[in-house]
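Containing mmCIF, C-alpha atoms: data.cif.
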```cif
data_input
loop_
_atom_site.group_PDB
_atom_site.id
_atom_site.type_symbol
_atom_site.label_atom_id
_atom_site.label_comp_id
_atom_site.auth_asym_id
_atom_site.auth_seq_id
_atom_site.Cartn_x
_atom_site.Cartn_y
_atom_site.Cartn_z
ATOM 1 C CA MET A 1 99.504 78.300 54.824
ATOM 2 C CA THR A 2 103.022 76.892 54.554
ATOM 3 C CA GLY A 3 105.134 77.518 51.477
ATOM 4 C CA ALA A 4 108.725 78.719 51.286
ATOM 5 C CA ALA A 5 110.463 79.349 54.583
ATOM 6 C CA LEU A 6 109.923 82.763 56.096
ATOM 7 C CA PRO A 7 113.071 84.768 55.256
ATOM 8 C CA GLU A 8 113.261 86.151 58.809
ATOM 9 C CA THR A 9 114.140 82.674 60.086
ATOM 10 C CA ALA A 10 117.646 83.267 58.710
ATOM 11 C CA ALA A 11 118.139 85.840 61.486
ATOM 12 C CA VAL A 12 117.514 83.123 64.106
ATOM 13 C CA TYR A 13 119.390 80.322 62.349
ATOM 14 C CA TRP A 14 120.332 78.686 65.652
ATOM 15 C CA ARG A 15 116.715 77.958 66.541
ATOM 16 C CA PRO A 16 115.250 74.625 65.479
ATOM 17 C CA ARG A 17 112.189 75.065 63.312
ATOM 18 C CA VAL A 18 109.083 75.063 65.507
ATOM 19 C CA ASP A 19 106.462 72.447 64.700
ATOM 20 C CA ALA A 20 103.429 71.078 66.530
ATOM 21 C CA ARG A 21 105.476 68.641 68.591
ATOM 22 C CA ALA A 22 107.979 71.330 69.618
ATOM 23 C CA ILE A 23 105.133 73.602 70.709
ATOM 24 C CA ALA A 24 103.568 70.817 72.768
ATOM 25 C CA VAL A 25 106.910 70.070 74.442
ATOM 26 C CA ARG A 26 107.505 73.735 75.199
ATOM 27 C CA GLY A 27 104.023 73.988 76.669
ATOM 28 C CA ARG A 28 104.640 71.074 79.017
ATOM 29 C CA THR A 29 108.043 72.491 79.953
ATOM 30 C CA TRP A 30 106.447 75.856 80.669
ATOM 31 C CA THR A 31 103.903 74.239 82.983
ATOM 32 C CA ALA A 32 106.582 72.219 84.757
ATOM 33 C CA THR A 33 108.678 75.346 85.267
ATOM 34 C CA THR A 34 105.706 77.219 86.693
ATOM 35 C CA VAL A 35 104.977 74.352 89.090
ATOM 36 C CA ALA A 36 108.637 74.320 90.110
ATOM 37 C CA HIS A 37 108.371 78.011 90.959
ATOM 38 C CA VAL A 38 105.100 77.747 92.872
ATOM 39 C CA VAL A 39 105.443 74.541 94.872
ATOM 40 C CA PRO A 40 108.479 75.618 96.960
ATOM 41 C CA PHE A 41 106.655 78.729 98.142
ATOM 42 C CA LEU A 42 103.553 76.750 99.093
ATOM 43 C CA ALA A 43 105.644 74.066 100.765
ATOM 44 C CA THR A 44 107.524 76.730 102.703
ATOM 45 C CA ALA A 45 104.255 78.246 103.928
ATOM 46 C CA VAL A 46 102.914 74.874 105.050
ATOM 47 C CA LEU A 47 106.167 73.827 106.687
ATOM 48 C CA LEU A 48 106.565 77.077 108.574
ATOM 49 C CA PHE A 49 103.013 76.926 109.879
ATOM 50 C CA ALA A 50 103.482 73.301 110.918
ATOM 51 C CA LEU A 51 106.687 74.122 112.806
ATOM 52 C CA GLU A 52 105.507 77.359 114.356
ATOM 53 C CA PRO A 53 101.994 78.763 113.759
ATOM 54 C CA LEU A 54 103.194 82.243 114.754
ATOM 55 C CA THR A 55 105.188 82.373 111.490
ATOM 56 C CA PHE A 56 101.920 82.649 109.541
ATOM 57 C CA PRO A 57 102.725 86.189 108.254
ATOM 58 C CA VAL A 58 105.828 84.800 106.548
ATOM 59 C CA GLY A 59 103.759 81.929 105.210
ATOM 60 C CA LEU A 60 101.224 84.379 103.826
ATOM 61 C CA ILE A 61 103.991 86.215 101.992
ATOM 62 C CA ALA A 62 105.155 82.921 100.506
ATOM 63 C CA ILE A 63 101.594 82.124 99.391
ATOM 64 C CA VAL A 64 101.307 85.536 97.769
ATOM 65 C CA HIS A 65 104.509 84.774 95.875
ATOM 66 C CA ALA A 66 103.085 81.423 94.767
ATOM 67 C CA TRP A 67 99.991 83.218 93.446
ATOM 68 C CA ALA A 68 101.835 86.125 91.856
ATOM 69 C CA ILE A 69 104.351 84.198 89.769
ATOM 70 C CA PRO A 70 101.802 82.497 87.474
ATOM 71 C CA GLU A 71 99.846 85.737 87.288
ATOM 72 C CA LEU A 72 102.930 87.628 86.138
ATOM 73 C CA TYR A 73 103.578 85.004 83.477
ATOM 74 C CA ALA A 74 99.978 85.314 82.272
ATOM 75 C CA LYS A 75 100.274 89.093 82.218
ATOM 76 C CA ARG A 76 103.388 88.765 80.107
ATOM 77 C CA GLY A 77 101.384 86.667 77.696
ATOM 78 C CA ALA A 78 98.534 89.167 77.624
ATOM 79 C CA ASN A 79 100.948 91.927 76.689
ATOM 80 C CA VAL A 80 101.385 90.458 73.199
ATOM 81 C CA LEU A 81 97.788 91.465 72.481
ATOM 82 C CA SER A 82 98.061 94.942 73.972
ATOM 83 C CA PRO A 83 97.463 97.819 71.564
ATOM 84 C CA ARG A 84 100.366 100.100 70.786
ATOM 85 C CA ARG A 85 100.461 103.848 70.191
ATOM 86 C CA ARG A 86 97.997 104.791 67.497
ATOM 87 C CA ALA A 87 98.877 106.794 64.417
ATOM 88 C CA SER A 88 96.679 109.679 63.271
ATOM 89 C CA GLU A 89 93.147 108.966 62.100
ATOM 90 C CA GLY A 90 93.809 108.991 58.347
ATOM 91 C CA PRO A 91 96.573 106.366 58.242
ATOM 92 C CA GLU A 92 94.703 104.237 60.796
ATOM 93 C CA ARG A 93 91.646 104.241 58.529
ATOM 94 C CA VAL A 94 93.691 103.356 55.428
ATOM 95 C CA ALA A 95 95.515 100.562 57.259
ATOM 96 C CA ALA A 96 92.279 99.153 58.653
ATOM 97 C CA GLY A 97 90.882 99.104 55.112
ATOM 98 C CA LEU A 98 93.827 97.102 53.805
ATOM 99 C CA LEU A 99 93.638 94.695 56.723
ATOM 100 C CA GLY A 100 89.919 94.312 56.087
ATOM 101 C CA ASP A 101 90.668 93.325 52.496
ATOM 102 C CA LEU A 102 93.024 90.590 53.718
ATOM 103 C CA VAL A 103 90.572 88.847 56.032
ATOM 104 C CA GLY A 104 87.051 87.477 55.817
ATOM 105 C CA HIS A 105 83.877 89.134 57.017
ATOM 106 C CA ASP A 106 83.881 87.576 60.488
ATOM 107 C CA ALA A 107 87.519 88.469 61.158
ATOM 108 C CA ARG A 108 86.895 92.006 59.900
ATOM 109 C CA ALA A 109 83.960 92.434 62.268
ATOM 110 C CA LEU A 110 86.006 91.009 65.150
ATOM 111 C CA HIS A 111 88.823 93.459 64.417
ATOM 112 C CA ALA A 112 86.375 96.361 64.489
ATOM 113 C CA ARG A 113 85.145 95.254 67.927
ATOM 114 C CA THR A 114 88.372 94.135 69.563
ATOM 115 C CA GLY A 115 91.350 95.340 67.508
ATOM 116 C CA LEU A 116 92.427 91.719 66.989
ATOM 117 C CA VAL A 117 92.161 89.272 64.087
ATOM 118 C CA THR A 118 91.667 85.493 64.124
ATOM 119 C CA GLU A 119 93.396 83.243 61.626
ATOM 120 C CA ARG A 120 93.022 79.479 61.275
ATOM 121 C CA GLY A 121 96.285 77.638 60.820
ATOM 122 C CA ALA A 122 97.632 74.109 60.734
ATOM 123 C CA LEU A 123 98.901 74.494 64.313
ATOM 124 C CA GLY A 124 95.653 75.857 65.687
ATOM 125 C CA VAL A 125 93.746 79.108 65.707
ATOM 126 C CA TRP A 126 95.798 82.275 65.895
ATOM 127 C CA LEU A 127 94.709 85.534 67.435
ATOM 128 C CA VAL A 128 96.872 88.241 65.925
ATOM 129 C CA GLY A 129 97.517 91.588 67.582
ATOM 130 C CA GLU A 130 99.932 94.450 67.094
ATOM 131 C CA ALA A 131 102.769 93.050 69.183
ATOM 132 C CA GLY A 132 102.365 89.345 68.738
ATOM 133 C CA ALA A 133 99.929 86.506 68.400
ATOM 134 C CA VAL A 134 98.263 83.900 70.568
ATOM 135 C CA LEU A 135 97.963 80.337 69.328
ATOM 136 C CA VAL A 136 94.925 78.554 70.731
ATOM 137 C CA GLY A 137 95.563 74.838 70.632
ATOM 138 C CA ALA A 138 93.417 71.725 70.497
ATOM 139 C CA GLY A 139 90.106 71.993 72.302
ATOM 140 C CA GLY A 140 90.629 75.680 72.934
ATOM 141 C CA ARG A 141 91.923 75.168 76.457
ATOM 142 C CA ARG A 142 95.629 75.902 76.096
ATOM 143 C CA VAL A 143 97.200 79.019 74.635
ATOM 144 C CA HIS A 144 100.725 79.868 73.529
ATOM 145 C CA CYS A 145 101.549 83.580 73.434
ATOM 146 C CA TRP A 146 104.200 84.666 70.934
ATOM 147 C CA CYS A 147 105.880 88.051 71.122
ATOM 148 C CA VAL A 148 106.739 89.262 67.620
ATOM 149 C CA GLY A 149 106.293 92.473 65.719
ATOM 150 C CA VAL A 150 107.493 94.819 63.074
ATOM 151 C CA PRO A 151 110.153 97.201 64.407
ATOM 152 C CA ASP A 152 108.648 100.422 63.064
ATOM 153 C CA GLY A 153 107.002 102.678 65.625
ATOM 154 C CA ASP A 154 105.304 104.848 62.977
ATOM 155 C CA LEU A 155 103.095 102.159 61.464
ATOM 156 C CA PRO A 156 99.338 102.349 62.037
ATOM 157 C CA SER A 157 97.862 99.531 64.105
ATOM 158 C CA GLY A 158 96.168 97.840 61.137
ATOM 159 C CA ASP A 159 99.487 97.639 59.301
ATOM 160 C CA ARG A 160 101.202 96.115 62.338
ATOM 161 C CA ILE A 161 98.634 93.346 62.353
ATOM 162 C CA ALA A 162 98.784 92.981 58.552
ATOM 163 C CA HIS A 163 102.553 92.503 58.721
ATOM 164 C CA LEU A 164 102.164 89.645 61.196
ATOM 165 C CA LEU A 165 99.198 88.161 59.363
ATOM 166 C CA LEU A 166 101.051 88.039 56.042
ATOM 167 C CA ALA A 167 104.149 86.518 57.635
ATOM 168 C CA LEU A 168 101.956 83.949 59.397
ATOM 169 C CA ARG A 169 100.268 83.041 56.124
ATOM 170 C CA GLU A 170 103.590 82.733 54.340
ATOM 171 C CA ASP A 171 105.049 80.254 56.809
ATOM 172 C CA GLU A 172 103.245 79.380 60.044
ATOM 173 C CA GLN A 173 106.076 77.337 61.535
ATOM 174 C CA GLY A 174 108.620 79.969 60.511
ATOM 175 C CA PHE A 175 106.478 82.597 62.209
ATOM 176 C CA ALA A 176 106.563 80.625 65.461
ATOM 177 C CA THR A 177 110.304 80.104 65.046
ATOM 178 C CA VAL A 178 111.013 83.834 64.728
ATOM 179 C CA ALA A 179 108.685 84.780 67.588
ATOM 180 C CA ASN A 180 109.566 84.533 71.266
ATOM 181 C CA LEU A 181 107.315 82.487 73.519
ATOM 182 C CA ALA A 182 105.993 84.781 76.240
ATOM 183 C CA PHE A 183 103.549 82.462 77.962
ATOM 184 C CA SER A 184 102.019 79.033 77.646
ATOM 185 C CA GLY A 185 99.146 77.913 79.799
ATOM 186 C CA ALA A 186 95.430 77.780 80.338
ATOM 187 C CA ARG A 187 93.270 80.064 78.238
ATOM 188 C CA TRP A 188 91.299 81.222 81.282
ATOM 189 C CA ARG A 189 94.492 82.416 82.950
ATOM 190 C CA LEU A 190 95.361 84.535 79.947
ATOM 191 C CA ARG A 191 91.800 85.830 79.629
ATOM 192 C CA ARG A 192 91.828 87.258 83.152
ATOM 193 C CA ARG A 193 94.858 89.365 82.259
ATOM 194 C CA LEU A 194 93.543 90.664 78.956
ATOM 195 C CA ALA A 195 91.933 94.044 78.542
ATOM 196 C CA PRO A 196 88.119 93.664 78.600
ATOM 197 C CA ARG A 197 87.928 94.746 74.946
ATOM 198 C CA ALA A 198 90.196 91.878 73.868
ATOM 199 C CA ARG A 199 88.441 89.087 75.777
ATOM 200 C CA PRO A 200 85.689 88.428 73.203
ATOM 201 C CA ALA A 201 88.404 87.858 70.585
ATOM 202 C CA LEU A 202 90.051 85.195 72.741
ATOM 203 C CA ASP A 203 86.642 83.628 73.352
ATOM 204 C CA GLU A 204 86.033 83.563 69.602
ATOM 205 C CA ALA A 205 89.432 81.968 68.978
ATOM 206 C CA GLY A 206 88.578 79.357 71.611
ATOM 207 C CA VAL A 207 85.298 78.548 69.862
ATOM 208 C CA LEU A 208 87.075 78.222 66.507
ATOM 209 C CA ALA A 209 89.739 75.995 68.068
ATOM 210 C CA ARG A 210 87.110 73.678 69.521
ATOM 211 C CA ARG A 211 85.471 73.339 66.100
ATOM 212 C CA SER A 212 88.719 72.648 64.236
ATOM 213 C CA THR A 213 91.165 69.789 64.623
ATOM 214 C CA PRO A 214 94.501 71.474 65.219
ATOM 215 C CA THR A 215 97.636 69.522 65.972
ATOM 216 C CA VAL A 216 98.726 71.349 69.157
ATOM 217 C CA MET B 1 94.649 97.175 37.098
ATOM 218 C CA ALA B 2 97.306 95.470 39.231
ATOM 219 C CA ARG B 3 98.896 97.363 42.120
ATOM 220 C CA LEU B 4 102.156 97.339 44.032
ATOM 221 C CA ILE B 5 101.665 98.799 47.495
ATOM 222 C CA ARG B 6 103.946 99.357 50.461
ATOM 223 C CA MET B 7 102.689 99.338 54.048
ATOM 224 C CA ASP B 8 104.056 102.442 55.726
ATOM 225 C CA HIS B 9 103.211 105.278 58.111
ATOM 226 C CA THR B 10 100.444 106.518 55.795
ATOM 227 C CA GLY B 11 98.596 103.205 55.960
ATOM 228 C CA HIS B 12 99.879 102.191 52.578
ATOM 229 C CA THR B 13 101.350 103.862 49.505
ATOM 230 C CA THR B 14 100.662 102.734 45.959
ATOM 231 C CA LEU B 15 104.044 102.589 44.232
ATOM 232 C CA ALA B 16 102.964 101.287 40.838
ATOM 233 C CA GLU B 17 99.924 100.264 38.846
ATOM 234 C CA TRP B 18 100.046 98.270 35.657
ATOM 235 C CA THR B 19 98.279 96.123 33.136
ATOM 236 C CA ALA B 20 100.077 93.413 31.213
ATOM 237 C CA GLU B 21 99.474 95.297 27.945
ATOM 238 C CA ASP B 22 101.109 98.509 29.150
ATOM 239 C CA SER B 23 104.829 97.794 28.819
ATOM 240 C CA ALA B 24 105.918 101.188 30.119
ATOM 241 C CA ALA B 25 103.823 100.752 33.265
ATOM 242 C CA VAL B 26 105.172 97.224 33.690
ATOM 243 C CA GLU B 27 108.724 98.511 33.467
ATOM 244 C CA ARG B 28 108.001 101.196 36.057
ATOM 245 C CA ALA B 29 106.474 98.539 38.317
ATOM 246 C CA HIS B 30 109.533 96.292 37.898
ATOM 247 C CA SER B 31 111.804 99.199 38.725
ATOM 248 C CA ALA B 32 109.819 100.164 41.838
ATOM 249 C CA PHE B 33 109.646 96.521 42.925
ATOM 250 C CA ARG B 34 113.416 96.024 42.676
ATOM 251 C CA ALA B 35 114.122 99.274 44.518
ATOM 252 C CA GLN B 36 111.906 98.257 47.440
ATOM 253 C CA LEU B 37 113.461 94.803 47.701
ATOM 254 C CA GLU B 38 116.895 96.404 47.752
ATOM 255 C CA ALA B 39 115.641 98.689 50.521
ATOM 256 C CA GLY B 40 114.881 95.609 52.637
ATOM 257 C CA PHE B 41 111.176 95.065 52.039
ATOM 258 C CA TYR B 42 109.649 91.657 51.378
ATOM 259 C CA ALA B 43 107.014 91.268 48.675
ATOM 260 C CA VAL B 44 103.965 89.148 49.365
ATOM 261 C CA VAL B 45 101.085 88.032 47.199
ATOM 262 C CA THR B 46 97.935 87.015 49.023
ATOM 263 C CA GLU B 47 96.238 83.887 47.784
ATOM 264 C CA GLY B 48 92.926 83.957 49.582
ATOM 265 C CA GLU B 49 92.246 83.579 53.279
ATOM 266 C CA GLY B 50 95.035 81.791 55.065
ATOM 267 C CA HIS B 51 97.471 81.765 52.184
ATOM 268 C CA ALA B 52 100.242 84.107 51.088
ATOM 269 C CA ARG B 53 103.396 83.682 49.073
ATOM 270 C CA GLN B 54 106.621 85.609 49.160
ATOM 271 C CA VAL B 55 107.828 86.636 45.696
ATOM 272 C CA ARG B 56 111.230 87.817 44.537
ATOM 273 C CA GLU B 57 110.133 88.727 41.027
ATOM 274 C CA LEU B 58 107.164 90.928 40.270
ATOM 275 C CA PRO B 59 104.242 88.606 39.406
ATOM 276 C CA LEU B 60 102.552 90.435 36.560
ATOM 277 C CA ASP B 61 99.395 88.359 36.847
ATOM 278 C CA ALA B 62 98.814 89.215 40.523
ATOM 279 C CA GLU B 63 96.170 91.799 41.337
ATOM 280 C CA LEU B 64 97.900 93.033 44.440
ATOM 281 C CA VAL B 65 101.508 92.804 45.589
ATOM 282 C CA ILE B 66 102.147 93.993 49.143
ATOM 283 C CA LEU B 67 105.513 95.115 50.442
ATOM 284 C CA ARG B 68 106.143 94.496 54.109
ATOM 285 C CA ARG B 69 109.025 95.019 56.492
ATOM 286 C CA PRO B 70 110.784 92.092 58.209
ATOM 287 C CA ILE B 71 109.276 90.988 61.501
ATOM 288 C CA ALA B 72 111.308 90.129 64.590
ATOM 289 C CA GLY B 73 110.728 88.468 67.932
ATOM 290 C CA GLY B 74 110.035 90.943 70.716
#
```
Give the structure from this file in structure tokens form.
Amino acid sequence: MTGAALPETAAVYWRPRVDARAIAVRGRTWTATTVAHVVPFLATAVLLFALEPLTFPVGLIAIVHAWAIPELYAKRGANVLSPRRRASEGPERVAAGLLGDLVGHDARALHARTGLVTERGALGVWLVGEAGAVLVGAGGRRVHCWCVGVPDGDLPSGDRIAHLLLALREDEQGFATVANLAFSGARWRLRRRLAPRARPALDEAGVLARRSTPTV
Amino acid sequence: MARLIRMDHTGHTTLAEWTAEDSAAVERAHSAFRAQLEAGFYAVVTEGEGHARQVRELPLDAELVILRRPIAGG
């Protein structure tokens, strides 16, 4: 999948090139940050209740905060797989045909069902949507959601995905370098926040990731 | 017949078709290719599932050359 560097990386020259190790480090950092957000709220709730049980409404609010923060992060990750505004039927059909020519039979069938395309890479299994891609890492348990797209609101959905797919195939690490990390965490947390139509695609990517031996 | 296509709001537009023996068609394809690169498109040749290569010169032996826009982090 990797050849010459993706030309778009020149626009983000200050970013170190993303490789498997960098993704793993960012994943651990993301988890640590989430824990650092959640634990103080839980500790506050426990402490308040221990000092004065009548403060339980405040403690409940703190617990709700502790629950909501990871959920908001997961929702942010799910947004990279959200469909965008569709073009008219003709261009959508033409774009879907081109995308179908670029992928294999299984990925084509998955796209027809879910609007998403899987792609095996050196870093793991990618699930590519219109506004980004999700990298499913080793064992299929952890996901990294990357927000990236083509800044043209008139493109049909199939072309949006084809743009990302081609860039990913040109240079997988460059693709991850250009993209912005929107979420990193457990696959089940992301799945809960996905639209029901998209969930089978994430399940499929998880199955593929378990079968392969990715480096993340 | 090789094709140069551009992904756009129509799905895609075929900008040129050529065979290596048709020099006039090849010249038209070269001209269209250069114009699109100057307009900011990137040219990509797919090389089977999982592989693609960016090209800066029109590969006459490729069956399909796809022009795409730059991507950017959202």
Selection result of the PyMOL selection byres ((chain B and resi 3) around 6) on this file, as a PyMOL selection string: chain B and resi 2+4+16-17+64
Shortest contact to B:Arg68, candidates B:Arg56, B:Asp22, B:Arg6, B:Leu37, atoms counted all atoms listed in the file, goes to B:Arg6
Which distance in Å separates atom CA of A:Thr55 and atom CA of A:Thr34, to one decimal? 25.3 Å
Please determine the contact residues of chain B with respect to chain A at a cut-off of 8 Å, counting all atoms listed in the file, and supply them as JSON, numbers by chain. {"B": [7, 8, 9, 10, 11, 12, 44, 46, 48, 49, 50, 51, 52, 53, 54, 68, 69, 70, 71, 72, 73, 74]}
So for stretch 47-66 of chain B, what box centre and size do we get, axis-aligned, 8 Å extra on each of the six sides, every listed atom, Å to one decimal, as lines of an AutoDock Vina configuration file?
```
center_x = 101.7
center_y = 87.9
center_z = 45.8
size_x = 35.0
size_y = 28.2
size_z = 34.5
```
Could you give me, as a list in words, the residues that have an atom at most 8 Å away from the point (105.9, 105.2, 47.7) in the coordinates of the file, using all atoms listed in the file?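 Residues with an atom close enough to that point: Ile5, Arg6, Thr13, Thr14 and Leu15 of chain B.
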From the set A:Pro83, A:Pro200, A:Pro16, A:Gly59, which residue has the shortest atom-to-atom contact distance to A:Leu47, counting all atoms listed in the file?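 Nearest candidate to A:Leu47 out of A:Pro83, A:Pro200, A:Pro16, A:Gly59: A:Gly59.
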For B:Tyr42, the nearest of the candidates B:Val26, B:Met1, B:Ala20, B:Val65, counting all atoms listed in the file: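 Closest residue, counting all atoms listed in the file: B:Val65.
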Do you have the atom CA of B:Ile66-atom CA of A:Ala107 distance handy? 19.7 Å
Identify, on the basis of only C-alpha atoms, every residue whose closest approach to A:Val128 does not exceed 7 Å; exclude the query and any residue fewer than 6 positions from it along the same chain; express the result as number ranges by chain. A: 116-118, 134, 161, 165
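Relative to atom CA of A:Asp203, atom CA of A:Arg187 is found at 9.0 Å.
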Run the PyMOL selection byres ((chain A and resi 136) around 6) against the file shown and list the residues it catches, as a list of chain:residue names.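 So the PyMOL selection byres ((chain A and resi 136) around 6), applied here, picks out A:Gly124, A:Val125, A:Leu135, A:Gly137, A:Gly140, A:Val143.
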Just say which residues the PyMOL selection byres ((chain A and resi 30) around 12) picks in this file, as a short mmCIF file (atom, residue, chain, number, x, y, z; two decimals) with C-alpha atoms, in the coordinates of the input.
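Listing of result-v6.cif after writing:
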```
data_model
loop_
_atom_site.label_atom_id
_atom_site.label_comp_id
_atom_site.auth_asym_id
_atom_site.auth_seq_id
_atom_site.Cartn_x
_atom_site.Cartn_y
_atom_site.Cartn_z
CA ILE A 23 105.13 73.60 70.71
CA ALA A 24 103.57 70.82 72.77
CA VAL A 25 106.91 70.07 74.44
CA ARG A 26 107.50 73.74 75.20
CA GLY A 27 104.02 73.99 76.67
CA ARG A 28 104.64 71.07 79.02
CA THR A 29 108.04 72.49 79.95
CA THR A 31 103.90 74.24 82.98
CA ALA A 32 106.58 72.22 84.76
CA THR A 33 108.68 75.35 85.27
CA THR A 34 105.71 77.22 86.69
CA VAL A 35 104.98 74.35 89.09
CA ALA A 36 108.64 74.32 90.11
CA HIS A 37 108.37 78.01 90.96
CA PRO A 70 101.80 82.50 87.47
CA TYR A 73 103.58 85.00 83.48
CA ALA A 74 99.98 85.31 82.27
CA ARG A 142 95.63 75.90 76.10
CA VAL A 143 97.20 79.02 74.64
CA HIS A 144 100.72 79.87 73.53
CA CYS A 145 101.55 83.58 73.43
CA LEU A 181 107.32 82.49 73.52
CA ALA A 182 105.99 84.78 76.24
CA PHE A 183 103.55 82.46 77.96
CA SER A 184 102.02 79.03 77.65
CA GLY A 185 99.15 77.91 79.80
CA ALA A 186 95.43 77.78 80.34
#
```
If I only have part of stretch 25-42 of chain B, can you fill in N, CA and C atoms and write it as a JSON list (two decimals), in the coordinates of the input?
```json
[["chain", "number", "residue", "atom", "x", "y", "z"],
["B", 25, "ALA", "N", 104.27, 100.88, 31.87],
["B", 25, "ALA", "CA", 103.82, 100.75, 33.26],
["B", 25, "ALA", "C", 104.44, 99.52, 33.91],
["B", 26, "VAL", "N", 104.56, 98.45, 33.16],
["B", 26, "VAL", "CA", 105.17, 97.22, 33.69],
["B", 26, "VAL", "C", 106.62, 97.48, 34.05],
["B", 27, "GLU", "N", 107.32, 98.21, 33.19],
["B", 27, "GLU", "CA", 108.72, 98.51, 33.47],
["B", 27, "GLU", "C", 108.86, 99.39, 34.71],
["B", 28, "ARG", "N", 107.98, 100.35, 34.86],
["B", 28, "ARG", "CA", 108.00, 101.20, 36.06],
["B", 28, "ARG", "C", 107.72, 100.35, 37.30],
["B", 29, "ALA", "N", 106.80, 99.41, 37.18],
["B", 29, "ALA", "CA", 106.47, 98.54, 38.32],
["B", 29, "ALA", "C", 107.67, 97.66, 38.68],
["B", 30, "HIS", "N", 108.33, 97.10, 37.66],
["B", 30, "HIS", "CA", 109.53, 96.29, 37.90],
["B", 30, "HIS", "C", 110.59, 97.11, 38.63],
["B", 31, "SER", "N", 110.78, 98.33, 38.15],
["B", 31, "SER", "CA", 111.80, 99.20, 38.72],
["B", 31, "SER", "C", 111.49, 99.51, 40.20],
["B", 32, "ALA", "N", 110.22, 99.86, 40.46],
["B", 32, "ALA", "CA", 109.82, 100.16, 41.84],
["B", 32, "ALA", "C", 109.95, 98.93, 42.71],
["B", 33, "PHE", "N", 109.58, 97.78, 42.18],
["B", 33, "PHE", "CA", 109.65, 96.52, 42.92],
["B", 33, "PHE", "C", 111.09, 96.22, 43.34],
["B", 34, "ARG", "N", 112.00, 96.32, 42.38],
["B", 34, "ARG", "CA", 113.42, 96.02, 42.68],
["B", 34, "ARG", "C", 113.97, 97.00, 43.72],
["B", 35, "ALA", "N", 113.62, 98.26, 43.58],
["B", 35, "ALA", "CA", 114.12, 99.27, 44.52],
["B", 35, "ALA", "C", 113.67, 98.98, 45.95],
["B", 36, "GLN", "N", 112.42, 98.54, 46.10],
["B", 36, "GLN", "CA", 111.91, 98.26, 47.44],
["B", 36, "GLN", "C", 112.54, 97.01, 48.04],
["B", 37, "LEU", "N", 112.78, 96.01, 47.19],
["B", 37, "LEU", "CA", 113.46, 94.80, 47.70],
["B", 37, "LEU", "C", 114.89, 95.13, 48.14],
["B", 38, "GLU", "N", 115.54, 96.00, 47.36],
["B", 38, "GLU", "CA", 116.90, 96.40, 47.75],
["B", 38, "GLU", "C", 116.88, 97.22, 49.03],
["B", 39, "ALA", "N", 115.77, 97.90, 49.29],
["B", 39, "ALA", "CA", 115.64, 98.69, 50.52],
["B", 39, "ALA", "C", 115.29, 97.81, 51.72],
["B", 40, "GLY", "N", 115.10, 96.52, 51.51],
["B", 40, "GLY", "CA", 114.88, 95.61, 52.64],
["B", 40, "GLY", "C", 113.46, 95.14, 52.82],
["B", 41, "PHE", "N", 112.56, 95.53, 51.93],
["B", 41, "PHE", "CA", 111.18, 95.06, 52.04],
["B", 41, "PHE", "C", 111.04, 93.65, 51.46],
["B", 42, "TYR", "N", 110.02, 92.95, 51.95],
["B", 42, "TYR", "CA", 109.65, 91.66, 51.38],
["B", 42, "TYR", "C", 108.34, 91.84, 50.61]]
```
